[in-house]
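As provided, entry15.cif (mmCIF, C-alpha atoms) reads as follows.
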```
data_entry
#
loop_
_atom_site.label_atom_id
_atom_site.label_comp_id
_atom_site.auth_asym_id
_atom_site.auth_seq_id
_atom_site.Cartn_x
_atom_site.Cartn_y
_atom_site.Cartn_z
CA PRO I 730 49.66 -33.86 10.37
CA ASP I 731 48.82 -31.43 13.15
CA SER I 732 51.06 -28.75 11.66
CA THR I 733 49.48 -29.23 8.21
CA LEU I 734 46.01 -28.79 9.69
CA THR I 735 47.14 -25.67 11.50
CA ASP I 736 48.67 -24.22 8.33
CA ASN I 737 45.42 -24.82 6.36
CA THR I 738 43.36 -23.20 9.11
CA GLU I 739 45.65 -20.17 9.21
CA ARG I 740 45.41 -19.79 5.42
CA ARG I 741 41.60 -19.94 5.51
CA GLN I 742 41.26 -17.16 8.09
CA PRO I 743 42.58 -14.36 5.80
CA GLU I 744 40.43 -15.75 2.96
CA ARG I 745 37.32 -15.58 5.14
CA ALA I 746 38.20 -12.07 6.28
CA THR I 747 38.64 -11.02 2.64
CA ASP I 748 35.28 -12.57 1.69
CA THR I 749 33.55 -10.81 4.59
CA LEU I 750 35.12 -7.46 3.68
CA GLY I 751 34.11 -7.97 0.06
CA LYS I 752 30.50 -8.67 1.03
CA ARG I 753 30.40 -5.58 3.22
CA LEU I 754 31.74 -3.41 0.42
CA ARG I 755 29.21 -4.80 -2.09
CA HIS I 756 26.49 -4.30 0.53
CA ALA I 757 27.51 -0.66 1.07
CA GLU I 758 27.69 -0.01 -2.68
CA MET I 759 24.25 -1.51 -3.17
CA LEU I 760 22.71 0.66 -0.44
CA LEU I 761 24.36 3.77 -1.87
CA ASP I 762 22.97 2.88 -5.30
CA VAL I 763 19.48 2.41 -3.82
CA HIS I 764 19.64 5.75 -2.02
CA THR I 765 20.91 7.59 -5.12
CA ARG I 766 18.29 6.10 -7.43
CA LEU I 767 15.36 6.76 -5.11
CA ALA I 768 16.49 10.31 -4.40
CA ALA I 769 15.95 11.04 -8.11
CA MET I 770 12.34 9.80 -8.08
CA ASP I 771 9.62 12.46 -8.29
CA THR I 772 6.56 10.44 -7.24
CA LEU I 773 5.62 7.61 -4.91
CA ASP I 774 4.77 5.38 -7.88
CA ASP I 775 8.22 5.93 -9.39
CA ALA I 776 9.91 5.20 -6.05
CA LEU I 777 7.93 1.98 -5.55
CA GLU I 778 8.66 0.78 -9.09
CA GLU I 779 12.38 1.48 -8.79
CA LEU I 780 12.63 -0.21 -5.40
CA VAL I 781 10.77 -3.28 -6.67
CA THR I 782 13.25 -3.59 -9.56
CA ILE I 783 16.30 -3.29 -7.29
CA THR I 784 14.88 -5.63 -4.64
CA SER I 785 14.05 -8.30 -7.20
CA ARG I 786 17.59 -8.15 -8.57
CA GLU I 787 19.38 -8.17 -5.20
CA THR I 788 17.30 -10.97 -3.65
CA GLY I 789 16.87 -13.12 -6.76
CA SER I 790 13.08 -13.01 -6.43
CA ASP I 791 10.59 -13.74 -9.17
CA ARG I 792 8.12 -11.20 -7.78
CA VAL I 793 8.40 -8.35 -5.28
CA THR I 794 5.56 -6.29 -3.82
CA LEU I 795 5.96 -3.27 -1.56
CA PHE I 796 2.93 -2.50 0.56
CA LEU I 797 2.48 0.79 2.43
CA ASN I 798 0.00 1.24 5.25
CA ASP I 799 -3.04 3.48 4.87
CA GLU I 800 -3.77 4.69 8.40
CA GLU I 801 -7.23 5.98 7.45
CA THR I 802 -8.55 2.67 6.08
CA GLY I 803 -6.42 0.12 7.97
CA GLU I 804 -5.24 -1.33 4.66
CA LEU I 805 -1.94 -2.15 3.02
CA TYR I 806 -1.77 -0.86 -0.54
CA SER I 807 0.58 -1.24 -3.48
CA ARG I 808 0.55 -0.07 -7.09
CA VAL I 809 1.21 -2.49 -9.92
CA ALA I 810 1.89 -1.36 -13.48
CA LEU I 811 -0.05 -3.32 -16.12
CA GLY I 812 1.16 -1.92 -19.43
CA LYS I 813 0.30 1.78 -19.33
CA ILE I 814 -2.30 1.28 -16.59
CA ARG I 815 -1.36 1.35 -12.91
CA ARG I 816 -3.65 -0.69 -10.67
CA GLU I 817 -3.78 -0.36 -6.90
CA ILE I 818 -3.94 -3.50 -4.76
CA ARG I 819 -5.42 -3.19 -1.26
CA VAL I 820 -5.59 -5.77 1.54
CA LEU I 821 -6.45 -5.47 5.22
CA ASN I 822 -3.30 -4.84 7.26
CA SER I 823 -4.09 -7.82 9.48
CA THR I 824 -4.64 -10.57 6.87
CA GLY I 825 -2.33 -12.83 4.86
CA ILE I 826 1.44 -13.01 5.18
CA ALA I 827 1.86 -9.27 4.56
CA GLY I 828 -0.76 -8.39 7.18
CA HIS I 829 0.73 -10.79 9.74
CA VAL I 830 4.23 -9.35 9.27
CA PHE I 831 2.91 -5.79 9.46
CA SER I 832 0.88 -6.49 12.63
CA SER I 833 3.52 -8.57 14.41
CA GLY I 834 6.53 -6.56 13.27
CA GLU I 835 8.46 -9.81 12.73
CA SER I 836 10.09 -10.87 9.45
CA MET I 837 9.29 -14.26 7.94
CA ILE I 838 11.07 -16.70 5.63
CA ILE I 839 8.66 -19.38 4.43
CA HIS I 840 10.12 -22.29 2.45
CA ASP I 841 6.73 -23.89 1.73
CA ALA I 842 3.98 -21.29 1.25
CA TYR I 843 1.11 -23.77 1.21
CA SER I 844 2.03 -25.18 4.62
CA GLU I 845 1.96 -21.72 6.25
CA PRO I 846 -1.39 -21.03 8.05
CA HIS I 847 -1.26 -17.28 7.34
CA PHE I 848 -0.85 -17.77 3.59
CA ASN I 849 -3.94 -16.90 1.54
CA ARG I 850 -4.28 -19.51 -1.22
CA ALA I 851 -7.22 -17.68 -2.80
CA VAL I 852 -4.84 -15.17 -4.42
CA ASP I 853 -2.97 -17.94 -6.27
CA GLU I 854 -6.27 -19.54 -7.28
CA GLN I 855 -7.53 -16.26 -8.72
CA THR I 856 -4.33 -15.32 -10.57
CA GLY I 857 -3.03 -18.76 -11.58
CA TYR I 858 0.36 -17.91 -10.04
CA GLU I 859 1.92 -20.63 -7.86
CA THR I 860 3.70 -19.29 -4.78
CA ARG I 861 6.43 -21.66 -3.60
CA ASN I 862 8.40 -19.66 -1.04
CA ILE I 863 8.12 -16.23 0.56
CA MET I 864 10.32 -13.70 2.32
CA CYS I 865 8.60 -10.76 4.00
CA THR I 866 9.84 -8.01 6.30
CA PRO I 867 8.39 -4.81 7.83
CA ILE I 868 9.37 -1.46 6.33
CA ARG I 869 10.45 0.65 9.29
CA THR I 870 11.58 4.22 9.64
CA VAL I 871 14.77 5.07 11.51
CA LYS I 872 12.51 5.85 14.50
CA GLY I 873 11.15 2.30 14.48
CA GLU I 874 7.71 3.12 13.08
CA THR I 875 6.33 0.42 10.77
CA ILE I 876 4.95 2.01 7.60
CA GLY I 877 4.50 -1.10 5.42
CA VAL I 878 6.03 -4.41 4.34
CA ALA I 879 8.26 -5.73 1.54
CA GLN I 880 7.27 -9.16 0.22
CA CYS I 881 9.40 -11.33 -2.09
CA LEU I 882 8.00 -14.42 -3.83
CA ASN I 883 9.68 -17.46 -5.38
CA LYS I 884 13.46 -17.40 -5.11
CA LYS I 885 14.74 -18.10 -8.64
CA ARG I 886 17.52 -20.38 -7.39
CA GLY I 887 17.23 -22.34 -4.16
CA GLN I 888 15.54 -20.94 -1.07
CA PHE I 889 15.52 -17.53 0.61
CA SER I 890 18.29 -17.28 3.21
CA GLU I 891 19.02 -15.20 6.29
CA GLU I 892 21.58 -13.34 4.18
CA ASN I 893 18.83 -12.41 1.70
CA LEU I 894 16.69 -11.21 4.60
CA THR I 895 19.55 -9.09 5.95
CA VAL I 896 19.92 -7.43 2.54
CA LEU I 897 16.15 -6.82 2.32
CA LYS I 898 16.00 -5.29 5.82
CA ALA I 899 18.91 -2.96 5.04
CA MET I 900 17.30 -1.87 1.78
CA THR I 901 13.92 -1.13 3.33
CA LEU I 902 15.51 0.84 6.17
CA GLN I 903 17.60 2.81 3.71
CA THR I 904 14.57 3.67 1.59
CA SER I 905 11.95 4.19 4.31
CA ILE I 906 12.66 7.93 4.56
CA THR I 907 12.15 8.39 0.82
CA LEU I 908 8.97 6.28 0.79
CA ASN I 909 7.56 8.03 3.87
CA SER I 910 8.29 11.46 2.39
CA ALA I 911 6.79 10.52 -0.98
CA GLN I 912 3.70 9.12 0.74
CA PHE I 913 3.28 12.34 2.75
CA ALA I 914 3.75 14.49 -0.37
CA GLU I 915 1.11 12.44 -2.18
CA ARG I 916 -1.38 12.91 0.67
CA MET I 917 -0.72 16.65 0.67
CA GLN I 918 -1.22 16.80 -3.10
CA LYS I 919 -4.56 15.00 -2.83
CA SER I 920 -5.57 17.34 0.00
CA ARG I 921 -4.75 20.41 -2.12
CA GLU I 922 -6.71 19.00 -5.06
CA LEU I 923 -9.68 18.39 -2.77
CA GLU I 924 -9.50 21.96 -1.47
CA ARG I 925 -9.48 23.31 -5.03
CA GLU I 926 -12.52 21.20 -5.87
CA PHE I 927 -14.36 22.53 -2.83
CA LEU I 928 -13.53 26.11 -3.80
CA ASP I 929 -14.84 25.46 -7.31
CA ILE I 930 -18.07 24.07 -5.86
CA VAL I 931 -18.49 27.06 -3.53
CA SER I 932 -17.90 29.41 -6.47
CA ASP I 933 -20.55 27.64 -8.57
CA VAL I 934 -23.06 27.50 -5.72
CA THR I 935 -22.74 31.17 -4.77
CA SER I 936 -23.26 32.22 -8.39
CA GLU I 937 -26.51 30.22 -8.71
CA ILE I 938 -29.90 31.61 -7.68
CA ASP I 939 -32.16 28.59 -8.24
CA LEU I 940 -32.10 26.44 -5.07
CA GLY I 941 -32.95 23.27 -6.99
CA VAL I 942 -30.01 23.78 -9.34
CA VAL I 943 -27.70 24.50 -6.37
CA LEU I 944 -28.68 21.30 -4.57
CA GLN I 945 -28.30 19.26 -7.76
CA LYS I 946 -24.79 20.63 -8.26
CA VAL I 947 -23.82 19.84 -4.67
CA MET I 948 -25.04 16.26 -4.89
CA ASP I 949 -23.46 15.74 -8.31
CA GLU I 950 -20.12 16.84 -6.91
CA ALA I 951 -20.56 14.73 -3.78
CA ALA I 952 -21.09 11.62 -5.89
CA ARG I 953 -18.11 12.42 -8.11
CA MET I 954 -15.64 13.30 -5.34
CA LEU I 955 -16.59 10.28 -3.23
CA ASN I 956 -16.63 7.98 -6.28
CA ALA I 957 -20.18 6.90 -5.39
CA GLU I 958 -22.79 5.35 -7.69
CA ARG I 959 -25.62 7.29 -6.04
CA SER I 960 -26.13 10.25 -3.75
CA THR I 961 -29.48 11.39 -2.38
CA LEU I 962 -30.54 14.49 -0.50
CA PHE I 963 -33.56 13.80 1.71
CA LEU I 964 -35.66 16.59 3.23
CA ASN I 965 -38.16 16.15 6.04
CA ASP I 966 -41.85 16.71 5.39
CA GLU I 967 -43.18 17.96 8.74
CA LYS I 968 -46.82 17.46 7.73
CA THR I 969 -46.49 13.77 6.89
CA GLY I 970 -43.48 12.85 9.05
CA GLU I 971 -41.68 11.53 5.98
CA LEU I 972 -38.28 11.95 4.38
CA TRP I 973 -38.49 12.63 0.67
CA SER I 974 -35.83 12.81 -2.03
CA GLU I 975 -35.34 16.40 -3.11
CA VAL I 976 -32.31 15.43 -5.21
CA GLY I 977 -31.25 11.94 -6.23
CA VAL I 978 -28.18 11.34 -8.37
CA GLY I 979 -28.57 7.99 -10.13
CA LEU I 980 -32.24 7.59 -9.23
CA ASP I 981 -33.52 8.42 -12.73
CA ALA I 982 -35.93 11.03 -11.33
CA VAL I 983 -37.76 8.40 -9.26
CA PRO I 984 -39.10 10.06 -6.07
CA ILE I 985 -38.58 8.28 -2.74
CA ARG I 986 -40.74 8.73 0.39
CA PHE I 987 -40.67 6.85 3.67
CA PRO I 988 -41.35 7.49 7.40
CA ASN I 989 -38.58 9.65 8.85
CA HIS I 990 -37.66 7.08 11.53
CA LEU I 991 -36.88 4.20 9.17
CA GLY I 992 -33.63 3.03 7.61
CA ILE I 993 -30.16 4.56 7.85
CA ALA I 994 -31.48 7.96 6.74
CA GLY I 995 -34.19 7.85 9.43
CA VAL I 996 -31.70 6.95 12.18
CA VAL I 997 -29.35 9.74 11.11
CA PHE I 998 -32.21 12.25 10.86
CA ASN I 999 -33.50 11.49 14.37
CA SER I 1000 -30.14 11.05 16.11
CA GLY I 1001 -28.33 13.89 14.39
CA LYS I 1002 -25.28 11.61 14.11
#
```
Structure re-expressed in structure tokens:
Amino acid sequence: PDSTLTDNTERRQPERATDTLGKRLRHAEMLLDVHTRLAAMDTLDDALEELVTITSRETGSDRVTLFLNDEETGELYSRVALGKIRREIRVLNSTGIAGHVFSSGESMIIHDAYSEPHFNRAVDEQTGYETRNIMCTPIRTVKGETIGVAQCLNKKRGQFSEENLTVLKAMTLQTSITLNSAQFAERMQKSRELEREFLDIVSDVTSEIDLGVVLQKVMDEAARMLNAERSTLFLNDEKTGELWSEVGVGLDAVPIRFPNHLGIAGVVFNSGK
């Protein structure tokens, strides 16, 4: 009996070694495929969409969301394609599961979403989607900088495992350089577009003689570029000590006057800040 047990154990060891080698090879092939596919992407949106597709397939997830951090606003953002329209989702980088993982830098596997204190049920209530289980990990660069998180929802079969998490971590590390570069290129593109808009404004302003028309153009452009409903230019009336609206975009030509020490405008006028 002892010799039979020993023989069975010895036979299993090569089988396990073969299985382990096979998994490593499949893992390496998958990472190479991810790298090759993302390298061909031209934009950040394309890279995010491709990575979501691959991640969903490799982890067996019903839904996958990749959030990148916006350093200027302190938000995590992702783009979701709805037909031909791409909608951007933004959440604070300190709230919910994604925010907790981003802030703590620690991955999470949650088998029961509704029992997890950091889970935000309001999202499910608003969308009608029922989240059962979650796997979430930080997206880090090779230097260790956290630039976002990858979040997988609802394992199609069974529960998320440590093996799934290992695959997800490897994928995000492999793709972080591409995502970081695409994010930087997008910021630079927006910056160049903003510079061109400013140059156009300067060109229009310098070619205009009428001060009223110049100010109207400036405020129109300010409202458009900042995506604001209204923009108002207040001037100080030294005789009455009042601020009055020289130009008001969205005010329907309704003049505004108030003491120059009141409100936000009054504080800014007096403090110079």
* Find the residues near segment 789-798 of chain I: any atom within 9 Å, counting all atoms listed in the file, skip ones fewer than 4 places away on the same chain, and give them as a ChimeraX atom specification. => /I:777-778,780-782,784-785,802-809,818-819,822,827,831,868,875-886,889,893,908-909,912
* To do: Take the PyMOL selection byres ((chain I and resi 994-997) around 10), apply it to the structure above, and return the hits as an NGL selection string.
  => :I and (961-963 or 965 or 971-972 or 987-993 or 998-1002)
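Take the PyMOL selection byres ((chain I and resi 930) around 12) and apply it to this file: it picks Leu923, Glu924, Arg925, Glu926, Phe927, Leu928, Asp929, Val931, Ser932, Asp933, Val934, Thr935, Ser936, Glu937, Val943, Leu944, Gln945, Lys946, Val947, Met948, Asp949, Glu950, Ala951, Arg953 and Met954 of chain I.
Across the model, the gap from atom CA of Glu874 of chain I to atom CA of Asp799 of chain I is 13.5 Å.
Between atom CA of Glu845 of chain I and atom CA of Ser890 of chain I the interatomic distance comes to 17.2 Å.
Taking atom CA of Asp774 of chain I as the reference point, atom CA of Glu835 of chain I is found at 25.9 Å.
The residues caught by the PyMOL selection byres ((chain I and resi 862) around 8) in this file are Ile838, Ile839, His840, Asp841, Ala842, Thr860, Arg861, Ile863, Met864, Leu882, Asn883, Lys884, Gln888 and Phe889 of chain I.
Among the candidates I:Ile826, I:Val942, I:Glu958, I:Val820, the residue lying nearest to Val976 of chain I is I:Val942 (atoms considered: all atoms listed in the file).
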* **Among the residues I:Thr856, I:Thr788, I:Asn849, I:Thr866, the one that comes closest to Val830 of chain I [using all atoms listed in the file]** => I:Thr866
